[in-house]
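A.B. asks: First the structure, then my questions, so here it is.
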Number of protein chains: 2
Amino acid sequence: MDTKPKTYQDSGVDIEKADRFVGRLKNLATRKGHKELWSGAGGYASVYPVDGNKGIALTTDGVGTKLLLAIEQKKYDTIGIDLVAMCANDLICVGARPQAFLDYYAIGKINDDVSDAIIKGIVEGCDQAGMLLVGGETAEMPDLYSHDHFDLAGFAMGVVQKSELITGDKIKANDLVIGVASSGIHSNGFSLARKLIKDGPMRSELLTPTLIYCKPVVELLDKFHDQLSGIAHITGGGWTNLFRLNKQVSFQIENKISMPKIIDTLASQVDITEMYKTFNMGIGLFVTAQAAIADDIVKVFQNAGFEAATMGEVSESSESESKIEVSGNHKVLLRRHD
Amino acid sequence: MDTKPKTYQDSGVDIEKADRFVGRLKNLATRKGHKELWSGAGGYASVYPVDGNKGIALTTDGVGTKLLLAIEQKKYDTIGIDLVAMCANDLICVGARPQAFLDYYAIGKINDDVSDAIIKGIVEGCDQAGMLLVGGETAEMPDLYSHDHFDLAGFAMGVVQKSELITGDKIKANDLVIGVASSGIHSNGFSLARKLIKDGPMRSELLTPTLIYCKPVVELLDKFHDQLSGIAHITGGGWTNLFRLNKQVSFQIENKISMPKIIDTLASQVDITEMYKTFNMGIGLFVTAQAAIADDIVKVFQNAGFEAATMGEVSESSESESKIEVSGNHKVLLRRHD
């Protein structure tokens, strides 16, 4: 009998229930002051204005059950990179320049070797993102976390120049879409992936750390901030993250990136549309921009060591018709309102 | 046979080991950029300068095993207040005006009633602190957290005017010490307290939410920022938190606050010096200031509904001789280097 989950929902995570919760949360939390934010809780980062020209971008995230894999494989020195990546890659989507990071590290009992390895990863991630680790909380809670269990949460702060703020509002028909390769499934979809890849060398491949896209994106802000229209970190929800950028557009994208083997392995067991709604499908970051600078953007990423390509374009659309048409490696149609 | 722990260390939390870890962490994480911070990781909050006049204060914290009590008693609507309090009360110690909060909420499975109650508490805490809840992460991790277990971490951001920055450096001999009452043991020392108060009405008293001191402190910043010299949120480490403010002073303090009954109950089972090193002993916040404004400070807290009193003064001291002499309810001598 095959008891393997076929969808993310099957794996025990109830996305719709979580979405309803977030909706109620928003109703409870909304205050007049939220109107002053340059970017709100729906965006990749909240941006709090400190004066007319500068905003403070704030994000928080964890690494999900990727950390259970780190525990299983007793490999602790890269999960901190994932933690920083999940927060910092969100920051840059609003045009923020990452500055400072804080971690929350909860454990049953401090084990020196494990804790040092985790922190080493966090510091490595901060270096890659160009941030300082400025604080943190280490909580020993022997009665909440068993022996070798732990949890990690991260908090990142960046500074946004008003002139460099990116909300997706400026995305227009005929903008081009640049895709930047991921290193694997990064830190999303693990509740499903852990159940589909149960052993063998692919199991340890799952731990490949999330790529951090901050430095090339900061270079883009320096050079092209007027022509950048959107940046999407592809996390939980897969390519449907593109829908967060702008409600009035559709995307036609040819996925021509060389697919990480781990994603092919997962795709052989899961419906392909579900795959695109759950995993990054080889693309960790999408950038949309005016056509004239697409080649330059690709070069900035390539010079920084990332695989990148212009993969598609934007078309006008009503919100109800908004969709992503994927061609290339896979043929998939994602609709905003599915 | 009495197997009750007598010290915080007995309760399963190895403070010295944790301190050594934090020391190694600092060595690993320190970069040139840390020199630019107005307040570093040793202070209550890190302060990142955004321009010559304004800094961004950042803190993170959790609620420790107080949340196990919330779970046990199925009372979820105040633990979020504690979460905000732990972060926001740290922010104000550097002279920051609290602005924005983000939460990380990790659970096995979303239970609508429980999750809504927790968020209600967080929002209530933000309202009390004068902050906006601007973001958060809700992580369903069925294989990490069992059925009704969860964890909470908070991140707070405040804005500090350079002229209002408080580091403790300005504390001088003859400054007076104002104590502001706590509501109980707040969110610290629970690994010990849960083992000493195992049942009865006191067990539920332990859940009394942490007081949030932000609004009166912001009023102090408005009125007296030139004469305020130090603010100490009394958390883990109890009154030894005062040592964080300034290395060249000692404190003589008469603890004349009406002691929360829960603290008396704990004090009947634990050495009194250990009590002062672990719990807040009735004082959630200390403020040091020039003598001329002490009465005014007391009034600001009283008008905001807090019990407060001038309780002591500062004397000059070498670092090696630095101490806190407690009189009044208890006679205790705390030395910096014990």
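Letters A, B, ... go to the chains of the structure tokens in the order shown; residues in each chain start at 1; ligands are counted from 1 in the same order.
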Onto chain B, please fit chain A by least squares using all C-alpha atoms in order, then return the transformed chain as an mmCIF file with C-alpha atoms, in the first residue's frame.
C.D. replies:
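Wrote it out as superposed.cif, contents follow:
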```
data_model
loop_
_atom_site.group_PDB
_atom_site.id
_atom_site.type_symbol
_atom_site.label_atom_id
_atom_site.label_comp_id
_atom_site.auth_asym_id
_atom_site.auth_seq_id
_atom_site.Cartn_x
_atom_site.Cartn_y
_atom_site.Cartn_z
ATOM 1 C CA MET A 1 12.477 12.862 50.333
ATOM 2 C CA ASP A 2 12.472 16.448 49.157
ATOM 3 C CA THR A 3 13.475 16.534 45.491
ATOM 4 C CA LYS A 4 12.517 20.149 44.955
ATOM 5 C CA PRO A 5 15.221 22.246 43.306
ATOM 6 C CA LYS A 6 16.809 24.851 45.545
ATOM 7 C CA THR A 7 18.434 26.974 42.836
ATOM 8 C CA TYR A 8 17.744 27.970 39.263
ATOM 9 C CA GLN A 9 20.644 25.771 38.206
ATOM 10 C CA ASP A 10 19.008 22.786 39.956
ATOM 11 C CA SER A 11 15.902 23.292 37.848
ATOM 12 C CA GLY A 12 17.735 22.078 34.750
ATOM 13 C CA VAL A 13 18.969 25.344 33.252
ATOM 14 C CA ASP A 14 22.748 25.607 33.198
ATOM 15 C CA ILE A 15 23.340 29.368 33.297
ATOM 16 C CA GLU A 16 27.131 29.171 33.269
ATOM 17 C CA LYS A 17 27.150 26.876 30.261
ATOM 18 C CA ALA A 18 24.754 29.259 28.518
ATOM 19 C CA ASP A 19 27.002 32.212 29.386
ATOM 20 C CA ARG A 20 30.040 30.448 27.942
ATOM 21 C CA PHE A 21 28.058 29.747 24.772
ATOM 22 C CA VAL A 22 27.096 33.426 24.464
ATOM 23 C CA GLY A 23 30.775 34.317 24.874
ATOM 24 C CA ARG A 24 31.815 32.016 22.016
ATOM 25 C CA LEU A 25 28.915 33.328 19.947
ATOM 26 C CA LYS A 26 30.169 36.886 20.371
ATOM 27 C CA ASN A 27 33.651 35.902 19.241
ATOM 28 C CA LEU A 28 32.250 34.216 16.148
ATOM 29 C CA ALA A 29 29.840 36.991 15.217
ATOM 30 C CA THR A 30 31.877 40.139 15.796
ATOM 31 C CA ARG A 31 32.561 42.148 12.652
ATOM 32 C CA LYS A 32 33.946 45.633 12.082
ATOM 33 C CA GLY A 33 30.414 47.001 11.647
ATOM 34 C CA HIS A 34 29.576 46.279 15.274
ATOM 35 C CA LYS A 35 31.658 49.297 16.266
ATOM 36 C CA GLU A 36 29.101 51.545 14.566
ATOM 37 C CA LEU A 37 26.265 50.389 16.821
ATOM 38 C CA TRP A 38 25.162 52.861 19.485
ATOM 39 C CA SER A 39 24.422 49.951 21.778
ATOM 40 C CA GLY A 40 25.649 46.412 21.300
ATOM 41 C CA ALA A 41 24.580 42.898 22.151
ATOM 42 C CA GLY A 42 25.533 43.361 25.839
ATOM 43 C CA GLY A 43 22.902 46.053 26.292
ATOM 44 C CA TYR A 44 19.160 45.590 26.492
ATOM 45 C CA ALA A 45 18.771 46.300 22.790
ATOM 46 C CA SER A 46 21.098 46.758 19.849
ATOM 47 C CA VAL A 47 20.873 50.195 18.335
ATOM 48 C CA TYR A 48 21.686 50.569 14.669
ATOM 49 C CA PRO A 49 22.228 54.174 13.502
ATOM 50 C CA VAL A 50 20.250 55.194 10.404
ATOM 51 C CA ASP A 51 21.596 58.724 10.423
ATOM 52 C CA GLY A 52 23.375 61.054 12.824
ATOM 53 C CA ASN A 53 20.279 61.630 14.936
ATOM 54 C CA LYS A 54 18.234 58.459 14.739
ATOM 55 C CA GLY A 55 18.919 54.859 15.643
ATOM 56 C CA ILE A 56 16.876 51.693 15.263
ATOM 57 C CA ALA A 57 16.669 49.620 18.444
ATOM 58 C CA LEU A 58 16.120 45.890 18.005
ATOM 59 C CA THR A 59 15.322 43.166 20.525
ATOM 60 C CA THR A 60 14.189 39.573 20.499
ATOM 61 C CA ASP A 61 12.914 37.349 23.273
ATOM 62 C CA GLY A 62 10.606 34.491 24.143
ATOM 63 C CA VAL A 63 8.517 33.668 27.198
ATOM 64 C CA GLY A 64 10.463 30.645 28.390
ATOM 65 C CA THR A 65 8.556 27.819 29.979
ATOM 66 C CA LYS A 66 5.768 30.111 31.115
ATOM 67 C CA LEU A 67 4.096 28.796 27.993
ATOM 68 C CA LEU A 68 4.046 25.284 29.438
ATOM 69 C CA LEU A 69 1.875 26.675 32.218
ATOM 70 C CA ALA A 70 -0.425 28.307 29.680
ATOM 71 C CA ILE A 71 -0.763 24.924 27.981
ATOM 72 C CA GLU A 72 -1.346 23.094 31.255
ATOM 73 C CA GLN A 73 -4.052 25.550 32.312
ATOM 74 C CA LYS A 74 -5.502 25.936 28.827
ATOM 75 C CA LYS A 75 -5.307 29.688 29.281
ATOM 76 C CA TYR A 76 -3.866 31.200 26.138
ATOM 77 C CA ASP A 77 -5.021 34.809 26.029
ATOM 78 C CA THR A 78 -2.280 36.461 28.091
ATOM 79 C CA ILE A 79 0.928 34.654 27.088
ATOM 80 C CA GLY A 80 1.087 36.982 24.060
ATOM 81 C CA ILE A 81 1.126 39.965 26.437
ATOM 82 C CA ASP A 82 4.162 38.381 28.114
ATOM 83 C CA LEU A 83 5.857 37.938 24.748
ATOM 84 C CA VAL A 84 5.445 41.579 23.787
ATOM 85 C CA ALA A 85 6.397 42.716 27.300
ATOM 86 C CA MET A 86 9.695 40.815 27.292
ATOM 87 C CA CYS A 87 10.761 42.518 24.062
ATOM 88 C CA ALA A 88 9.235 45.966 24.524
ATOM 89 C CA ASN A 89 10.454 46.446 28.110
ATOM 90 C CA ASP A 90 13.977 45.731 26.837
ATOM 91 C CA LEU A 91 13.603 48.302 24.041
ATOM 92 C CA ILE A 92 12.757 51.158 26.401
ATOM 93 C CA CYS A 93 15.898 50.518 28.486
ATOM 94 C CA VAL A 94 18.011 52.145 25.747
ATOM 95 C CA GLY A 95 15.660 55.122 25.393
ATOM 96 C CA ALA A 96 13.835 53.718 22.371
ATOM 97 C CA ARG A 97 10.243 54.502 21.557
ATOM 98 C CA PRO A 98 8.607 51.182 20.621
ATOM 99 C CA GLN A 99 7.151 51.107 17.100
ATOM 100 C CA ALA A 100 6.772 47.689 15.532
ATOM 101 C CA PHE A 101 6.501 44.043 16.558
ATOM 102 C CA LEU A 102 6.715 40.718 14.717
ATOM 103 C CA ASP A 103 5.937 37.296 16.142
ATOM 104 C CA TYR A 104 7.133 33.796 15.359
ATOM 105 C CA TYR A 105 4.531 31.219 16.372
ATOM 106 C CA ALA A 106 5.437 27.556 15.944
ATOM 107 C CA ILE A 107 2.920 24.806 16.590
ATOM 108 C CA GLY A 108 2.180 21.178 15.888
ATOM 109 C CA LYS A 109 -1.207 21.916 14.424
ATOM 110 C CA ILE A 110 -3.266 25.099 14.329
ATOM 111 C CA ASN A 111 -6.165 24.934 16.761
ATOM 112 C CA ASP A 112 -8.369 27.908 15.897
ATOM 113 C CA ASP A 113 -9.412 28.776 19.460
ATOM 114 C CA VAL A 114 -5.909 28.473 20.901
ATOM 115 C CA SER A 115 -4.215 30.358 18.072
ATOM 116 C CA ASP A 116 -6.775 33.151 18.107
ATOM 117 C CA ALA A 117 -6.376 33.568 21.880
ATOM 118 C CA ILE A 118 -2.580 33.742 21.570
ATOM 119 C CA ILE A 119 -2.767 36.379 18.854
ATOM 120 C CA LYS A 120 -5.347 38.318 20.870
ATOM 121 C CA GLY A 121 -2.770 38.519 23.666
ATOM 122 C CA ILE A 122 -0.023 39.643 21.304
ATOM 123 C CA VAL A 123 -2.252 42.386 19.899
ATOM 124 C CA GLU A 124 -3.259 43.445 23.425
ATOM 125 C CA GLY A 125 0.440 43.608 24.347
ATOM 126 C CA CYS A 126 1.216 45.704 21.284
ATOM 127 C CA ASP A 127 -1.586 48.109 22.181
ATOM 128 C CA GLN A 128 -0.240 48.426 25.726
ATOM 129 C CA ALA A 129 3.268 49.055 24.398
ATOM 130 C CA GLY A 130 2.142 51.476 21.697
ATOM 131 C CA MET A 131 3.481 49.252 18.913
ATOM 132 C CA LEU A 132 2.019 47.956 15.681
ATOM 133 C CA LEU A 133 2.036 44.230 14.958
ATOM 134 C CA VAL A 134 3.536 44.476 11.459
ATOM 135 C CA GLY A 135 4.296 40.885 10.608
ATOM 136 C CA GLY A 136 4.838 37.388 11.771
ATOM 137 C CA GLU A 137 5.409 33.795 10.865
ATOM 138 C CA THR A 138 3.052 30.986 11.789
ATOM 139 C CA ALA A 139 4.826 27.667 11.349
ATOM 140 C CA GLU A 140 2.888 24.416 11.487
ATOM 141 C CA MET A 141 5.412 21.691 12.251
ATOM 142 C CA PRO A 142 3.503 18.539 13.124
ATOM 143 C CA ASP A 143 6.643 16.452 13.598
ATOM 144 C CA LEU A 144 8.488 18.909 15.866
ATOM 145 C CA TYR A 145 5.746 20.043 18.252
ATOM 146 C CA SER A 146 3.388 17.491 19.743
ATOM 147 C CA HIS A 147 -0.410 18.000 19.719
ATOM 148 C CA ASP A 148 -0.882 21.021 21.990
ATOM 149 C CA HIS A 149 2.720 22.255 22.293
ATOM 150 C CA PHE A 150 3.914 25.468 20.716
ATOM 151 C CA ASP A 151 6.649 28.069 20.968
ATOM 152 C CA LEU A 152 6.611 31.836 20.638
ATOM 153 C CA ALA A 153 9.350 34.314 19.821
ATOM 154 C CA GLY A 154 9.017 38.047 19.455
ATOM 155 C CA PHE A 155 10.939 40.761 17.712
ATOM 156 C CA ALA A 156 10.534 44.431 18.504
ATOM 157 C CA MET A 157 11.766 47.591 16.812
ATOM 158 C CA GLY A 158 11.917 51.056 18.277
ATOM 159 C CA VAL A 159 13.312 54.406 17.224
ATOM 160 C CA VAL A 160 15.932 56.110 19.399
ATOM 161 C CA GLN A 161 16.781 59.791 19.156
ATOM 162 C CA LYS A 162 20.534 60.213 19.675
ATOM 163 C CA SER A 163 19.789 62.810 22.370
ATOM 164 C CA GLU A 164 17.600 60.288 24.207
ATOM 165 C CA LEU A 165 19.904 57.262 24.011
ATOM 166 C CA ILE A 166 20.359 55.611 27.407
ATOM 167 C CA THR A 167 23.326 53.316 27.936
ATOM 168 C CA GLY A 168 23.914 53.646 31.671
ATOM 169 C CA ASP A 169 27.205 55.477 31.059
ATOM 170 C CA LYS A 170 25.777 58.644 32.588
ATOM 171 C CA ILE A 171 24.886 57.000 35.913
ATOM 172 C CA LYS A 172 26.709 58.871 38.702
ATOM 173 C CA ALA A 173 27.108 58.756 42.451
ATOM 174 C CA ASN A 174 24.078 60.240 44.226
ATOM 175 C CA ASP A 175 21.697 59.422 41.393
ATOM 176 C CA LEU A 176 18.513 58.033 42.894
ATOM 177 C CA VAL A 177 17.000 54.648 42.111
ATOM 178 C CA ILE A 178 13.276 54.423 41.407
ATOM 179 C CA GLY A 179 11.645 51.000 41.515
ATOM 180 C CA VAL A 180 8.443 50.189 39.656
ATOM 181 C CA ALA A 181 6.370 47.251 40.873
ATOM 182 C CA SER A 182 6.003 44.009 38.949
ATOM 183 C CA SER A 183 2.790 41.974 38.794
ATOM 184 C CA GLY A 184 4.486 38.750 39.905
ATOM 185 C CA ILE A 185 7.437 36.858 38.471
ATOM 186 C CA HIS A 186 6.617 38.097 34.946
ATOM 187 C CA SER A 187 8.233 35.736 32.406
ATOM 188 C CA ASN A 188 11.405 34.656 34.163
ATOM 189 C CA GLY A 189 12.506 31.848 36.411
ATOM 190 C CA PHE A 190 9.693 29.514 35.342
ATOM 191 C CA SER A 191 11.820 26.401 35.060
ATOM 192 C CA LEU A 192 12.352 26.790 38.818
ATOM 193 C CA ALA A 193 8.988 28.283 39.826
ATOM 194 C CA ARG A 194 6.982 25.548 38.109
ATOM 195 C CA LYS A 195 8.795 22.974 40.224
ATOM 196 C CA LEU A 196 8.308 24.835 43.502
ATOM 197 C CA ILE A 197 4.630 25.711 43.094
ATOM 198 C CA LYS A 198 3.121 22.506 41.842
ATOM 199 C CA ASP A 199 -0.587 23.059 42.460
ATOM 200 C CA GLY A 200 -3.207 25.132 44.221
ATOM 201 C CA PRO A 201 -4.391 28.663 43.355
ATOM 202 C CA MET A 202 -0.799 29.960 43.309
ATOM 203 C CA ARG A 203 -0.147 27.733 40.287
ATOM 204 C CA SER A 204 -2.585 29.767 38.180
ATOM 205 C CA GLU A 205 -1.313 33.025 39.730
ATOM 206 C CA LEU A 206 1.986 32.257 38.024
ATOM 207 C CA LEU A 207 0.319 33.087 34.708
ATOM 208 C CA THR A 208 -0.360 36.737 35.684
ATOM 209 C CA PRO A 209 0.842 38.676 32.631
ATOM 210 C CA THR A 210 4.036 40.731 32.625
ATOM 211 C CA LEU A 211 3.535 44.469 33.057
ATOM 212 C CA ILE A 212 4.439 46.658 30.102
ATOM 213 C CA TYR A 213 6.231 49.835 31.145
ATOM 214 C CA CYS A 214 6.517 51.506 27.755
ATOM 215 C CA LYS A 215 3.985 54.306 27.911
ATOM 216 C CA PRO A 216 5.218 55.931 31.157
ATOM 217 C CA VAL A 217 8.836 55.517 30.008
ATOM 218 C CA VAL A 218 8.070 57.261 26.723
ATOM 219 C CA GLU A 219 6.554 60.058 28.813
ATOM 220 C CA LEU A 220 9.826 60.198 30.792
ATOM 221 C CA LEU A 221 11.759 60.491 27.520
ATOM 222 C CA ASP A 222 9.536 63.388 26.493
ATOM 223 C CA LYS A 223 9.945 65.211 29.792
ATOM 224 C CA PHE A 224 13.255 64.297 31.377
ATOM 225 C CA HIS A 225 15.563 62.614 28.889
ATOM 226 C CA ASP A 226 18.500 64.790 29.918
ATOM 227 C CA GLN A 227 18.274 63.704 33.550
ATOM 228 C CA LEU A 228 17.537 59.990 33.096
ATOM 229 C CA SER A 229 20.729 57.985 33.497
ATOM 230 C CA GLY A 230 19.693 54.325 33.392
ATOM 231 C CA ILE A 231 16.752 51.979 32.921
ATOM 232 C CA ALA A 232 16.894 48.284 33.804
ATOM 233 C CA HIS A 233 14.205 45.758 32.919
ATOM 234 C CA ILE A 234 14.427 43.113 35.640
ATOM 235 C CA THR A 235 14.369 39.771 33.860
ATOM 236 C CA GLY A 236 16.360 36.528 34.140
ATOM 237 C CA GLY A 237 19.199 37.253 36.544
ATOM 238 C CA GLY A 238 16.911 39.262 38.808
ATOM 239 C CA TRP A 239 18.410 42.375 40.348
ATOM 240 C CA THR A 240 21.869 41.588 38.959
ATOM 241 C CA ASN A 241 20.460 43.150 35.764
ATOM 242 C CA LEU A 242 21.435 46.467 37.395
ATOM 243 C CA PHE A 243 25.079 45.504 36.874
ATOM 244 C CA ARG A 244 24.505 45.715 33.096
ATOM 245 C CA LEU A 245 23.993 49.469 33.282
ATOM 246 C CA ASN A 246 27.355 50.690 34.486
ATOM 247 C CA LYS A 247 30.512 48.998 35.772
ATOM 248 C CA GLN A 248 31.747 51.829 37.984
ATOM 249 C CA VAL A 249 28.895 52.063 40.466
ATOM 250 C CA SER A 250 27.227 50.284 43.371
ATOM 251 C CA PHE A 251 23.597 50.458 44.455
ATOM 252 C CA GLN A 252 22.044 50.745 47.928
ATOM 253 C CA ILE A 253 18.378 49.846 47.642
ATOM 254 C CA GLU A 254 15.676 49.443 50.242
ATOM 255 C CA ASN A 255 13.108 47.067 48.787
ATOM 256 C CA LYS A 256 9.956 48.587 50.179
ATOM 257 C CA ILE A 257 7.534 47.533 47.468
ATOM 258 C CA SER A 258 4.560 45.395 48.549
ATOM 259 C CA MET A 259 5.810 41.983 47.554
ATOM 260 C CA PRO A 260 3.598 39.894 45.227
ATOM 261 C CA LYS A 261 2.389 36.867 47.233
ATOM 262 C CA ILE A 262 3.791 34.510 44.638
ATOM 263 C CA ILE A 263 7.293 35.796 45.325
ATOM 264 C CA ASP A 264 6.880 35.390 49.080
ATOM 265 C CA THR A 265 5.769 31.816 48.456
ATOM 266 C CA LEU A 266 8.876 31.130 46.378
ATOM 267 C CA ALA A 267 11.114 32.917 48.880
ATOM 268 C CA SER A 268 9.981 30.560 51.624
ATOM 269 C CA GLN A 269 11.618 27.692 49.692
ATOM 270 C CA VAL A 270 14.735 29.253 48.162
ATOM 271 C CA ASP A 271 17.781 31.022 49.577
ATOM 272 C CA ILE A 272 17.091 34.739 49.495
ATOM 273 C CA THR A 273 20.261 35.683 47.621
ATOM 274 C CA GLU A 274 19.381 33.095 44.962
ATOM 275 C CA MET A 275 15.901 34.644 44.822
ATOM 276 C CA TYR A 276 17.359 38.086 44.058
ATOM 277 C CA LYS A 277 19.561 36.558 41.358
ATOM 278 C CA THR A 278 16.647 34.775 39.671
ATOM 279 C CA PHE A 279 13.388 36.683 40.169
ATOM 280 C CA ASN A 280 12.398 40.362 39.993
ATOM 281 C CA MET A 281 11.501 40.454 43.734
ATOM 282 C CA GLY A 282 8.555 42.759 43.193
ATOM 283 C CA ILE A 283 10.352 45.247 40.930
ATOM 284 C CA GLY A 284 9.853 44.935 37.180
ATOM 285 C CA LEU A 285 11.772 48.053 36.225
ATOM 286 C CA PHE A 286 14.431 50.224 37.837
ATOM 287 C CA VAL A 287 15.102 53.775 36.716
ATOM 288 C CA THR A 288 18.121 55.786 37.828
ATOM 289 C CA ALA A 289 18.075 59.550 37.515
ATOM 290 C CA GLN A 290 19.325 62.811 38.935
ATOM 291 C CA ALA A 291 17.869 63.338 42.389
ATOM 292 C CA ALA A 292 15.969 66.485 41.398
ATOM 293 C CA ILE A 293 13.521 64.579 39.203
ATOM 294 C CA ALA A 294 13.040 61.394 41.244
ATOM 295 C CA ASP A 295 9.671 62.481 42.645
ATOM 296 C CA ASP A 296 8.472 63.493 39.196
ATOM 297 C CA ILE A 297 9.449 60.097 37.815
ATOM 298 C CA VAL A 298 7.555 58.325 40.569
ATOM 299 C CA LYS A 299 4.494 60.435 39.727
ATOM 300 C CA VAL A 300 4.639 59.603 36.034
ATOM 301 C CA PHE A 301 4.504 55.895 36.865
ATOM 302 C CA GLN A 302 1.799 56.355 39.497
ATOM 303 C CA ASN A 303 -0.350 58.404 37.134
ATOM 304 C CA ALA A 304 -0.033 55.584 34.612
ATOM 305 C CA GLY A 305 -1.343 53.144 37.223
ATOM 306 C CA PHE A 306 1.922 51.623 38.409
ATOM 307 C CA GLU A 307 3.157 51.339 41.996
ATOM 308 C CA ALA A 308 6.510 53.130 42.164
ATOM 309 C CA ALA A 309 8.835 54.593 44.773
ATOM 310 C CA THR A 310 12.287 56.056 45.183
ATOM 311 C CA MET A 311 14.073 53.152 46.819
ATOM 312 C CA GLY A 312 17.754 53.797 46.808
ATOM 313 C CA GLU A 313 20.796 55.540 45.503
ATOM 314 C CA VAL A 314 23.957 55.095 43.527
ATOM 315 C CA SER A 315 27.486 55.270 44.910
ATOM 316 C CA GLU A 316 30.817 55.297 43.143
ATOM 317 C CA SER A 317 32.710 52.036 43.031
ATOM 318 C CA SER A 318 35.494 50.240 41.235
ATOM 319 C CA GLU A 319 34.335 47.411 38.972
ATOM 320 C CA SER A 320 35.807 44.806 41.292
ATOM 321 C CA GLU A 321 33.946 46.232 44.307
ATOM 322 C CA SER A 322 30.674 46.848 42.474
ATOM 323 C CA LYS A 323 27.715 45.561 44.470
ATOM 324 C CA ILE A 324 24.036 45.904 45.268
ATOM 325 C CA GLU A 325 23.124 46.189 48.949
ATOM 326 C CA VAL A 326 19.487 45.334 49.514
ATOM 327 C CA SER A 327 17.698 46.332 52.694
ATOM 328 C CA GLY A 328 14.027 46.539 53.627
ATOM 329 C CA ASN A 329 11.943 43.435 52.970
ATOM 330 C CA HIS A 330 15.159 41.412 52.759
ATOM 331 C CA LYS A 331 18.828 41.907 53.578
ATOM 332 C CA VAL A 332 20.929 40.756 50.648
ATOM 333 C CA LEU A 333 24.337 41.558 49.223
ATOM 334 C CA LEU A 334 24.860 40.952 45.523
ATOM 335 C CA ARG A 335 28.380 41.279 44.146
ATOM 336 C CA ARG A 336 29.115 41.785 40.458
ATOM 337 C CA HIS A 337 31.831 39.178 40.527
ATOM 338 C CA ASP A 338 30.102 36.381 42.422
#
```
A.B. asks: DSSP on the backbone, strand (DSSP E or B) only: what residues of segment 62-184 of chain B does that give? Format it as a VMD selection string.
C.D. replies: chain B and resid 62 97 to 107 132 to 140 150 to 161 176 to 181
A.B. asks: Once DSSP has gone over the backbone, tell me which residues of segment 81-208 of chain B are in alpha helix (DSSP H), as a PDB file with C-alpha atoms, in the first residue's frame.
C.D. replies:
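Output (out29.pdb):
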```pdb
ATOM      1  CA  ILE B  81       1.132  39.961  26.450  1.00  0.00           C
ATOM      2  CA  ASP B  82       4.154  38.377  28.120  1.00  0.00           C
ATOM      3  CA  LEU B  83       5.842  37.939  24.753  1.00  0.00           C
ATOM      4  CA  VAL B  84       5.437  41.582  23.795  1.00  0.00           C
ATOM      5  CA  ALA B  85       6.391  42.709  27.301  1.00  0.00           C
ATOM      6  CA  MET B  86       9.684  40.813  27.289  1.00  0.00           C
ATOM      7  CA  CYS B  87      10.751  42.513  24.066  1.00  0.00           C
ATOM      8  CA  ALA B  88       9.230  45.972  24.535  1.00  0.00           C
ATOM      9  CA  ASN B  89      10.458  46.440  28.111  1.00  0.00           C
ATOM     10  CA  ASP B  90      13.978  45.715  26.845  1.00  0.00           C
ATOM     11  CA  LEU B  91      13.603  48.287  24.045  1.00  0.00           C
ATOM     12  CA  ASP B 112      -8.373  27.924  15.913  1.00  0.00           C
ATOM     13  CA  ASP B 113      -9.406  28.782  19.482  1.00  0.00           C
ATOM     14  CA  VAL B 114      -5.917  28.474  20.908  1.00  0.00           C
ATOM     15  CA  SER B 115      -4.224  30.347  18.073  1.00  0.00           C
ATOM     16  CA  ASP B 116      -6.777  33.157  18.114  1.00  0.00           C
ATOM     17  CA  ALA B 117      -6.381  33.569  21.875  1.00  0.00           C
ATOM     18  CA  ILE B 118      -2.592  33.738  21.581  1.00  0.00           C
ATOM     19  CA  ILE B 119      -2.777  36.382  18.861  1.00  0.00           C
ATOM     20  CA  LYS B 120      -5.346  38.328  20.881  1.00  0.00           C
ATOM     21  CA  GLY B 121      -2.768  38.508  23.675  1.00  0.00           C
ATOM     22  CA  ILE B 122      -0.027  39.641  21.303  1.00  0.00           C
ATOM     23  CA  VAL B 123      -2.254  42.383  19.903  1.00  0.00           C
ATOM     24  CA  GLU B 124      -3.258  43.451  23.427  1.00  0.00           C
ATOM     25  CA  GLY B 125       0.437  43.598  24.357  1.00  0.00           C
ATOM     26  CA  CYS B 126       1.225  45.697  21.284  1.00  0.00           C
ATOM     27  CA  ASP B 127      -1.583  48.109  22.188  1.00  0.00           C
ATOM     28  CA  GLN B 128      -0.231  48.420  25.730  1.00  0.00           C
ATOM     29  CA  ALA B 129       3.276  49.043  24.406  1.00  0.00           C
ATOM     30  CA  PHE B 190       9.700  29.520  35.351  1.00  0.00           C
ATOM     31  CA  SER B 191      11.823  26.399  35.065  1.00  0.00           C
ATOM     32  CA  LEU B 192      12.364  26.793  38.818  1.00  0.00           C
ATOM     33  CA  ALA B 193       8.998  28.273  39.829  1.00  0.00           C
ATOM     34  CA  ARG B 194       6.986  25.539  38.113  1.00  0.00           C
ATOM     35  CA  LYS B 195       8.804  22.971  40.231  1.00  0.00           C
ATOM     36  CA  LEU B 196       8.304  24.821  43.499  1.00  0.00           C
ATOM     37  CA  PRO B 201      -4.394  28.642  43.365  1.00  0.00           C
ATOM     38  CA  MET B 202      -0.797  29.948  43.312  1.00  0.00           C
ATOM     39  CA  ARG B 203      -0.142  27.735  40.290  1.00  0.00           C
ATOM     40  CA  SER B 204      -2.563  29.759  38.186  1.00  0.00           C
ATOM     41  CA  GLU B 205      -1.317  33.020  39.745  1.00  0.00           C
TER      42      GLU B 205
END
```
